[in-house]
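input-v4.pdb (PDB, C-alpha atoms)
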```
ATOM      1  CA  MET Q 692       7.459  66.620  50.850
ATOM      2  CA  LYS Q 693       8.288  63.063  49.812
ATOM      3  CA  ASP Q 694      10.992  62.063  47.372
ATOM      4  CA  PHE Q 695       9.562  60.857  44.045
ATOM      5  CA  ALA Q 696      10.415  57.155  44.534
ATOM      6  CA  SER Q 697       8.573  57.176  47.856
ATOM      7  CA  LEU Q 698       5.671  59.101  46.340
ATOM      8  CA  ILE Q 699       5.028  56.580  43.556
ATOM      9  CA  LYS Q 700       5.504  53.620  45.883
ATOM     10  CA  ASN Q 701       2.967  54.995  48.383
ATOM     11  CA  ARG Q 702       0.336  56.361  45.966
ATOM     12  CA  ARG Q 703      -2.335  53.688  45.954
ATOM     13  CA  SER Q 704      -6.004  54.001  45.071
ATOM     14  CA  THR Q 705      -8.023  55.106  48.085
ATOM     15  CA  ARG Q 706     -11.728  54.278  48.079
ATOM     16  CA  LYS Q 707     -12.585  54.994  51.721
ATOM     17  CA  PHE Q 708     -12.242  58.503  53.057
ATOM     18  CA  THR Q 709     -12.876  60.259  56.347
ATOM     19  CA  SER Q 710     -15.481  63.021  56.533
ATOM     20  CA  GLN Q 711     -12.787  65.700  56.971
ATOM     21  CA  LEU Q 712     -12.941  68.418  54.325
ATOM     22  CA  LEU Q 713      -9.920  69.621  52.400
ATOM     23  CA  SER Q 714      -8.539  73.089  52.980
ATOM     24  CA  PRO Q 715      -8.698  75.673  50.188
ATOM     25  CA  ASP Q 716      -4.886  75.491  49.967
ATOM     26  CA  GLN Q 717      -5.005  71.717  49.456
ATOM     27  CA  VAL Q 718      -7.631  72.041  46.730
ATOM     28  CA  ALA Q 719      -5.607  74.796  45.043
ATOM     29  CA  ALA Q 720      -2.418  72.689  45.166
ATOM     30  CA  ILE Q 721      -4.191  69.719  43.545
ATOM     31  CA  LEU Q 722      -5.661  71.880  40.784
ATOM     32  CA  LYS Q 723      -2.376  73.714  40.251
ATOM     33  CA  ALA Q 724      -0.666  70.350  39.674
ATOM     34  CA  GLY Q 725      -3.214  69.520  36.972
ATOM     35  CA  LEU Q 726      -2.743  72.892  35.316
ATOM     36  CA  MET Q 727       1.041  72.439  35.304
ATOM     37  CA  ALA Q 728       0.914  69.053  33.579
ATOM     38  CA  PRO Q 729       2.609  68.749  30.207
ATOM     39  CA  ALA Q 730       0.405  68.601  27.119
ATOM     40  CA  SER Q 731       1.085  67.979  23.453
ATOM     41  CA  LYS Q 732       2.147  71.190  21.719
ATOM     42  CA  ARG Q 733       1.167  72.916  24.991
ATOM     43  CA  LYS Q 734      -2.439  73.014  23.791
ATOM     44  CA  ASN Q 735      -3.747  72.207  27.297
ATOM     45  CA  PRO Q 736      -7.074  70.799  26.094
ATOM     46  CA  TRP Q 737      -8.168  69.820  29.602
ATOM     47  CA  GLN Q 738     -10.800  71.446  31.774
ATOM     48  CA  PHE Q 739     -11.637  70.521  35.361
ATOM     49  CA  VAL Q 740     -14.983  70.704  37.147
ATOM     50  CA  VAL Q 741     -14.489  70.801  40.922
ATOM     51  CA  ILE Q 742     -17.244  69.258  43.049
ATOM     52  CA  GLU Q 743     -17.472  69.461  46.847
ATOM     53  CA  ASP Q 744     -21.266  69.438  47.219
ATOM     54  CA  LYS Q 745     -22.303  66.172  48.938
ATOM     55  CA  GLU Q 746     -25.534  65.864  46.963
ATOM     56  CA  MET Q 747     -23.678  66.158  43.655
ATOM     57  CA  LEU Q 748     -20.986  63.733  44.853
ATOM     58  CA  GLY Q 749     -23.804  61.266  45.509
ATOM     59  CA  LYS Q 750     -25.137  61.734  41.979
ATOM     60  CA  LEU Q 751     -21.667  61.296  40.512
ATOM     61  CA  SER Q 752     -21.277  58.049  42.465
ATOM     62  CA  ARG Q 753     -24.138  56.622  40.404
ATOM     63  CA  CYS Q 754     -22.455  57.278  37.045
ATOM     64  CA  LYS Q 755     -21.748  53.568  36.587
ATOM     65  CA  PRO Q 756     -22.676  50.358  38.408
ATOM     66  CA  HIS Q 757     -19.148  49.400  39.502
ATOM     67  CA  GLY Q 758     -16.155  51.445  40.565
ATOM     68  CA  ALA Q 759     -17.847  54.773  41.300
ATOM     69  CA  ALA Q 760     -19.483  54.329  44.723
ATOM     70  CA  PHE Q 761     -16.420  55.750  46.503
ATOM     71  CA  LEU Q 762     -17.181  59.195  45.036
ATOM     72  CA  GLU Q 763     -20.056  59.613  47.481
ATOM     73  CA  GLY Q 764     -17.629  59.510  50.412
ATOM     74  CA  CYS Q 765     -14.834  61.691  49.094
ATOM     75  CA  ALA Q 766     -14.338  65.314  50.116
ATOM     76  CA  LEU Q 767     -13.615  66.537  46.599
ATOM     77  CA  ALA Q 768     -14.168  65.230  43.095
ATOM     78  CA  VAL Q 769     -12.524  66.607  39.998
ATOM     79  CA  VAL Q 770     -14.277  65.805  36.741
ATOM     80  CA  VAL Q 771     -11.575  65.674  34.072
ATOM     81  CA  LEU Q 772     -12.672  66.907  30.664
ATOM     82  CA  ALA Q 773     -10.854  67.737  27.463
ATOM     83  CA  ASN Q 774     -11.682  69.634  24.314
ATOM     84  CA  VAL Q 775     -11.571  67.181  21.412
ATOM     85  CA  MET Q 776     -11.490  70.107  18.960
ATOM     86  CA  GLU Q 777      -8.180  71.366  20.394
ATOM     87  CA  SER Q 778      -6.134  68.189  20.416
ATOM     88  CA  ASP Q 779      -6.142  64.738  18.869
ATOM     89  CA  VAL Q 780      -4.287  63.457  21.943
ATOM     90  CA  TRP Q 781      -6.763  64.809  24.482
ATOM     91  CA  ILE Q 782      -6.990  61.425  26.238
ATOM     92  CA  GLU Q 783      -3.257  61.339  26.861
ATOM     93  CA  ASP Q 784      -3.069  65.005  27.898
ATOM     94  CA  ALA Q 785      -5.994  64.709  30.322
ATOM     95  CA  SER Q 786      -4.593  61.449  31.727
ATOM     96  CA  ILE Q 787      -1.250  63.076  32.474
ATOM     97  CA  ALA Q 788      -2.984  66.007  34.196
ATOM     98  CA  SER Q 789      -4.996  63.479  36.215
ATOM     99  CA  ILE Q 790      -1.992  61.623  37.556
ATOM    100  CA  PHE Q 791      -0.246  64.912  38.352
ATOM    101  CA  MET Q 792      -3.217  65.801  40.566
ATOM    102  CA  GLN Q 793      -3.178  62.364  42.183
ATOM    103  CA  LEU Q 794       0.558  62.551  42.901
ATOM    104  CA  GLN Q 795       0.080  66.018  44.401
ATOM    105  CA  ALA Q 796      -2.657  64.643  46.652
ATOM    106  CA  GLU Q 797      -0.345  61.871  47.847
ATOM    107  CA  ASP Q 798       2.381  64.414  48.522
ATOM    108  CA  LEU Q 799      -0.124  66.292  50.702
ATOM    109  CA  GLY Q 800      -0.900  63.092  52.625
ATOM    110  CA  LEU Q 801      -4.287  62.688  50.930
ATOM    111  CA  GLY Q 802      -5.825  59.770  49.099
ATOM    112  CA  SER Q 803      -7.293  59.656  45.613
ATOM    113  CA  CYS Q 804      -8.887  57.262  43.164
ATOM    114  CA  TRP Q 805      -9.570  57.464  39.437
ATOM    115  CA  CYS Q 806     -13.074  56.606  38.209
ATOM    116  CA  GLN Q 807     -13.037  55.782  34.478
ATOM    117  CA  ILE Q 808     -15.924  57.432  32.606
ATOM    118  CA  ARG Q 809     -14.984  57.330  28.907
ATOM    119  CA  ASN Q 810     -16.493  54.241  27.264
ATOM    120  CA  ARG Q 811     -18.476  53.274  30.387
ATOM    121  CA  GLN Q 812     -22.240  52.927  30.983
ATOM    122  CA  THR Q 813     -24.623  53.724  33.817
ATOM    123  CA  GLU Q 814     -26.699  50.967  35.392
ATOM    124  CA  GLN Q 815     -29.518  51.999  33.016
ATOM    125  CA  ASP Q 816     -27.204  51.533  29.983
ATOM    126  CA  GLU Q 817     -26.843  55.279  29.418
ATOM    127  CA  ASP Q 818     -23.417  56.509  28.368
ATOM    128  CA  ALA Q 819     -21.668  57.516  31.637
ATOM    129  CA  ALA Q 820     -20.147  60.601  30.002
ATOM    130  CA  GLN Q 821     -23.610  61.728  28.845
ATOM    131  CA  TYR Q 822     -24.956  61.196  32.361
ATOM    132  CA  ILE Q 823     -22.239  63.454  33.801
ATOM    133  CA  ARG Q 824     -22.601  65.921  30.942
ATOM    134  CA  GLY Q 825     -26.265  66.318  31.885
ATOM    135  CA  LEU Q 826     -25.522  66.746  35.593
ATOM    136  CA  LEU Q 827     -22.879  69.433  35.082
ATOM    137  CA  ASP Q 828     -24.002  71.240  31.882
ATOM    138  CA  ILE Q 829     -20.845  70.228  29.999
ATOM    139  CA  PRO Q 830     -20.737  71.521  26.404
ATOM    140  CA  TYR Q 831     -20.605  69.049  23.488
ATOM    141  CA  GLN Q 832     -16.983  69.732  22.465
ATOM    142  CA  LEU Q 833     -15.713  68.601  25.868
ATOM    143  CA  GLU Q 834     -15.358  64.879  26.470
ATOM    144  CA  VAL Q 835     -15.506  63.427  29.973
ATOM    145  CA  LEU Q 836     -12.471  61.253  30.651
ATOM    146  CA  SER Q 837     -12.768  60.496  34.349
ATOM    147  CA  VAL Q 838     -13.725  61.638  37.804
ATOM    148  CA  ILE Q 839     -11.040  61.625  40.469
ATOM    149  CA  GLY Q 840     -12.081  61.456  44.109
ATOM    150  CA  PHE Q 841      -9.851  63.046  46.767
ATOM    151  CA  GLY Q 842      -9.921  63.090  50.554
ATOM    152  CA  TYR Q 843      -8.280  62.039  53.767
ATOM    153  CA  LYS Q 844      -7.595  58.302  53.805
ATOM    154  CA  GLU Q 845      -9.774  56.358  56.229
ATOM    155  CA  SER Q 846      -6.807  54.063  56.826
ATOM    156  CA  PRO Q 847      -3.302  54.046  55.398
ATOM    157  CA  ASN Q 848      -2.680  51.979  52.286
ATOM    158  CA  LYS Q 849       0.157  49.503  52.072
ATOM    159  CA  PRO Q 850       2.944  50.723  49.801
ATOM    160  CA  PHE Q 851       3.381  49.016  46.453
ATOM    161  CA  ASP Q 852       5.043  45.621  46.916
ATOM    162  CA  GLU Q 853       8.127  45.812  44.711
ATOM    163  CA  SER Q 854       8.394  42.014  44.645
ATOM    164  CA  ARG Q 855       5.327  42.189  42.359
ATOM    165  CA  LEU Q 856       7.102  44.271  39.710
ATOM    166  CA  GLN Q 857       6.719  42.597  36.320
ATOM    167  CA  TRP Q 858      10.270  42.897  35.054
ATOM    168  CA  GLU Q 859       9.404  40.438  32.271
ATOM    169  CA  LYS Q 860       7.538  43.303  30.604
ATOM    170  CA  ILE Q 861      10.793  45.205  30.082
ATOM    171  CA  HIS Q 862      12.484  44.523  26.732
ATOM    172  CA  LEU Q 863      16.037  45.585  25.971
ATOM    173  CA  GLY Q 864      16.848  46.707  22.440
ATOM    174  CA  LYS Q 865      13.822  45.063  20.844
ATOM    175  CA  PHE Q 866      10.659  43.278  21.856
ATOM    176  CA  SER Q 867      10.974  39.591  22.658
ATOM    177  CA  TRP Q 868       8.518  37.150  24.202
ATOM    178  CA  PRO Q 869       9.802  35.296  27.256
ATOM    179  CA  GLU Q 870      10.997  31.737  26.708
ATOM    180  CA  PRO Q 871       8.222  29.218  27.404
ATOM    181  CA  LYS Q 872       8.712  27.315  30.628
ATOM    182  CA  SER Q 873       9.561  23.683  30.140
ATOM    183  CA  SER Q 874       6.941  21.194  31.305
ATOM    184  CA  GLU Q 875       9.677  18.655  31.897
ATOM    185  CA  GLY Q 876      10.772  18.452  35.380
TER
END
```

Take the structure in the file and write it out as structure tokens.
Amino acid sequence: MKDFASLIKNRRSTRKFTSQLLSPDQVAAILKAGLMAPASKRKNPWQFVVIEDKEMLGKLSRCKPHGAAFLEGCALAVVVLANVMESDVWIEDASIASIFMQLQAEDLGLGSCWCQIRNRQTEQDEDAAQYIRGLLDIPYQLEVLSVIGFGYKESPNKPFDESRLQWEKIHLGKFSWPEPKSSEG
């Protein structure tokens, strides 16, 4: 188990996975993390569809023209849904559950990557959420937020470079724009 600072520094998006399958315990740990995520008023509007079938992973990888191809090579995909009738903050709640699952994967030594679905289109200009809804028989009251791919990393990712932290985006006491840089020199 990693300490939290190390976990967030090392969790990077992984788009290339080995062919090794995940164990049932690993899958359960990832899903358990999602189920333990905080949610507004503890309404827990999220639902998760777990996909390990290679043919279906291939279909999911075609849900949009850019940023989804990696799903075909992952060992596991979790389609993150939420019930819009249960919560007006379903996007936030489902997003928090998503990152909990991704952090759990990193803690297990696995890679993951988020594939945005909400407000995206397929190559044929079909709504990406509708495409996935059709593939997986998702009822109308559930919105598709994302698909997260999980698996063993093909190669290790470099940790986050802390010299790239944007400290200028931190504001103390109140918001203030940074002083413009002088062109005199």

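Counting only C-alpha atoms, the residue from Q:Thr705, Q:Ser854, Q:Gln795, Q:Gln807 that sits nearest to Met727 (chain Q) is Q:Gln795.
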
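For the residues Q:Ala730, Q:Leu722, Q:Ala759, Q:Val769, ranking by smallest atom-to-atom distance to Glu743 (chain Q) using all atoms listed in the file places Q:Val769 first.
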
Fill in the blank from the handout: A straight line from CA of Val838 (chain Q) to CA of Leu762 (chain Q) spans 8.4 Å

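Evaluated against the shown file, the PyMOL selection byres ((chain Q and resi 724) around 10) gives Ala719, Ala720, Ile721, Leu722, Lys723, Gly725, Leu726, Met727, Ala728, Ala788, Ser789, Ile790, Phe791, Met792, Gln793, Leu794, Gln795 and Ala796 of chain Q.
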
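Applied to this file, the PyMOL selection byres ((chain Q and resi 853) around 12) selects the residues Ala696, Ser697, Ile699, Lys700, Asn701, Lys849, Pro850, Phe851, Asp852, Ser854, Arg855, Leu856, Gln857 and Trp858 of chain Q.
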
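Once the PyMOL selection byres ((chain Q and resi 742) around 7) is applied to the depicted file, the selected set reads Val740, Val741, Glu743, Asp744, Leu748, Leu767, Ala768 and Val769 of chain Q.
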
Problem - Distance criterion (only C-alpha atoms): nearest to Leu801 (chain Q) out of Q:Phe739, Q:Tyr843, Q:Phe866, Q:Phe695 - result: Q:Tyr843

Practice task
One decimal, Å: what's the distance from CA of Gln812 (chain Q) over to CA of Arg702 (chain Q), could you say?
Solution key: 27.3 Å

Find the axis-aligned box for region 780-793 of chain Q, covering all its listed atoms and adding 8 Å on each side, and write its centre and edge lengths in Å to one decimal as lines of an AutoDock Vina configuration file.
```
center_x = -3.6
center_y = 63.7
center_z = 32.1
size_x = 22.7
size_y = 20.7
size_z = 36.2
```

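Near Glu746 (chain Q), within 10 Å and counting only C-alpha atoms, sit Leu751, Ser752 and Glu763 of chain Q; same-chain residues fewer than 5 positions away were not included.
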
Which residues come within 10 Å of region 827-830 of chain Q, counting all atoms listed in the file, excluding same-chain residues fewer than 4 positions away, as a compact mmCIF listing (two decimals) with C-alpha atoms, in the coordinates of the input?
```
# COMPACT_ATOMS: atom_id res chain seq x y z
CA VAL Q 740 -14.98 70.70 37.15
CA ILE Q 742 -17.24 69.26 43.05
CA MET Q 747 -23.68 66.16 43.66
CA LEU Q 751 -21.67 61.30 40.51
CA VAL Q 770 -14.28 65.81 36.74
CA LEU Q 772 -12.67 66.91 30.66
CA ASN Q 774 -11.68 69.63 24.31
CA ALA Q 820 -20.15 60.60 30.00
CA GLN Q 821 -23.61 61.73 28.84
CA TYR Q 822 -24.96 61.20 32.36
CA ILE Q 823 -22.24 63.45 33.80
CA GLU Q 834 -15.36 64.88 26.47
CA VAL Q 835 -15.51 63.43 29.97
```

Practice task
Rank Q:Pro871, Q:Pro736, Q:Gly825, Q:Pro756 by their smallest atom-to-atom distance to Ile782 (chain Q), using all atoms listed in the file, and report the top residue only.
Solution key: Q:Pro736

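When CA of Tyr831 (chain Q) is paired with CA of Arg733 (chain Q), their separation reads 22.2 Å.
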
Practice task
Tell me which of Q:Ser778, Q:Ser867, Q:Ser837, Q:Thr813 sits closest to Lys755 (chain Q), counting all atoms listed in the file.
Solution key: Q:Thr813

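In this comparison, which uses all atoms listed in the file, the residue of Q:Gly802, Q:Arg824, Q:Lys732, Q:Lys745 approaching Val771 (chain Q) most closely is Q:Arg824.
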
Exercise for the section: Using all atoms listed in the file, determine which residues lie at most 9 Å from Lys844 (chain Q), disregarding the query and same-chain residues fewer than 4 positions distant; provide the list as a PyMOL selection string. Expected result: chain Q and resi 705-709+800-803+848
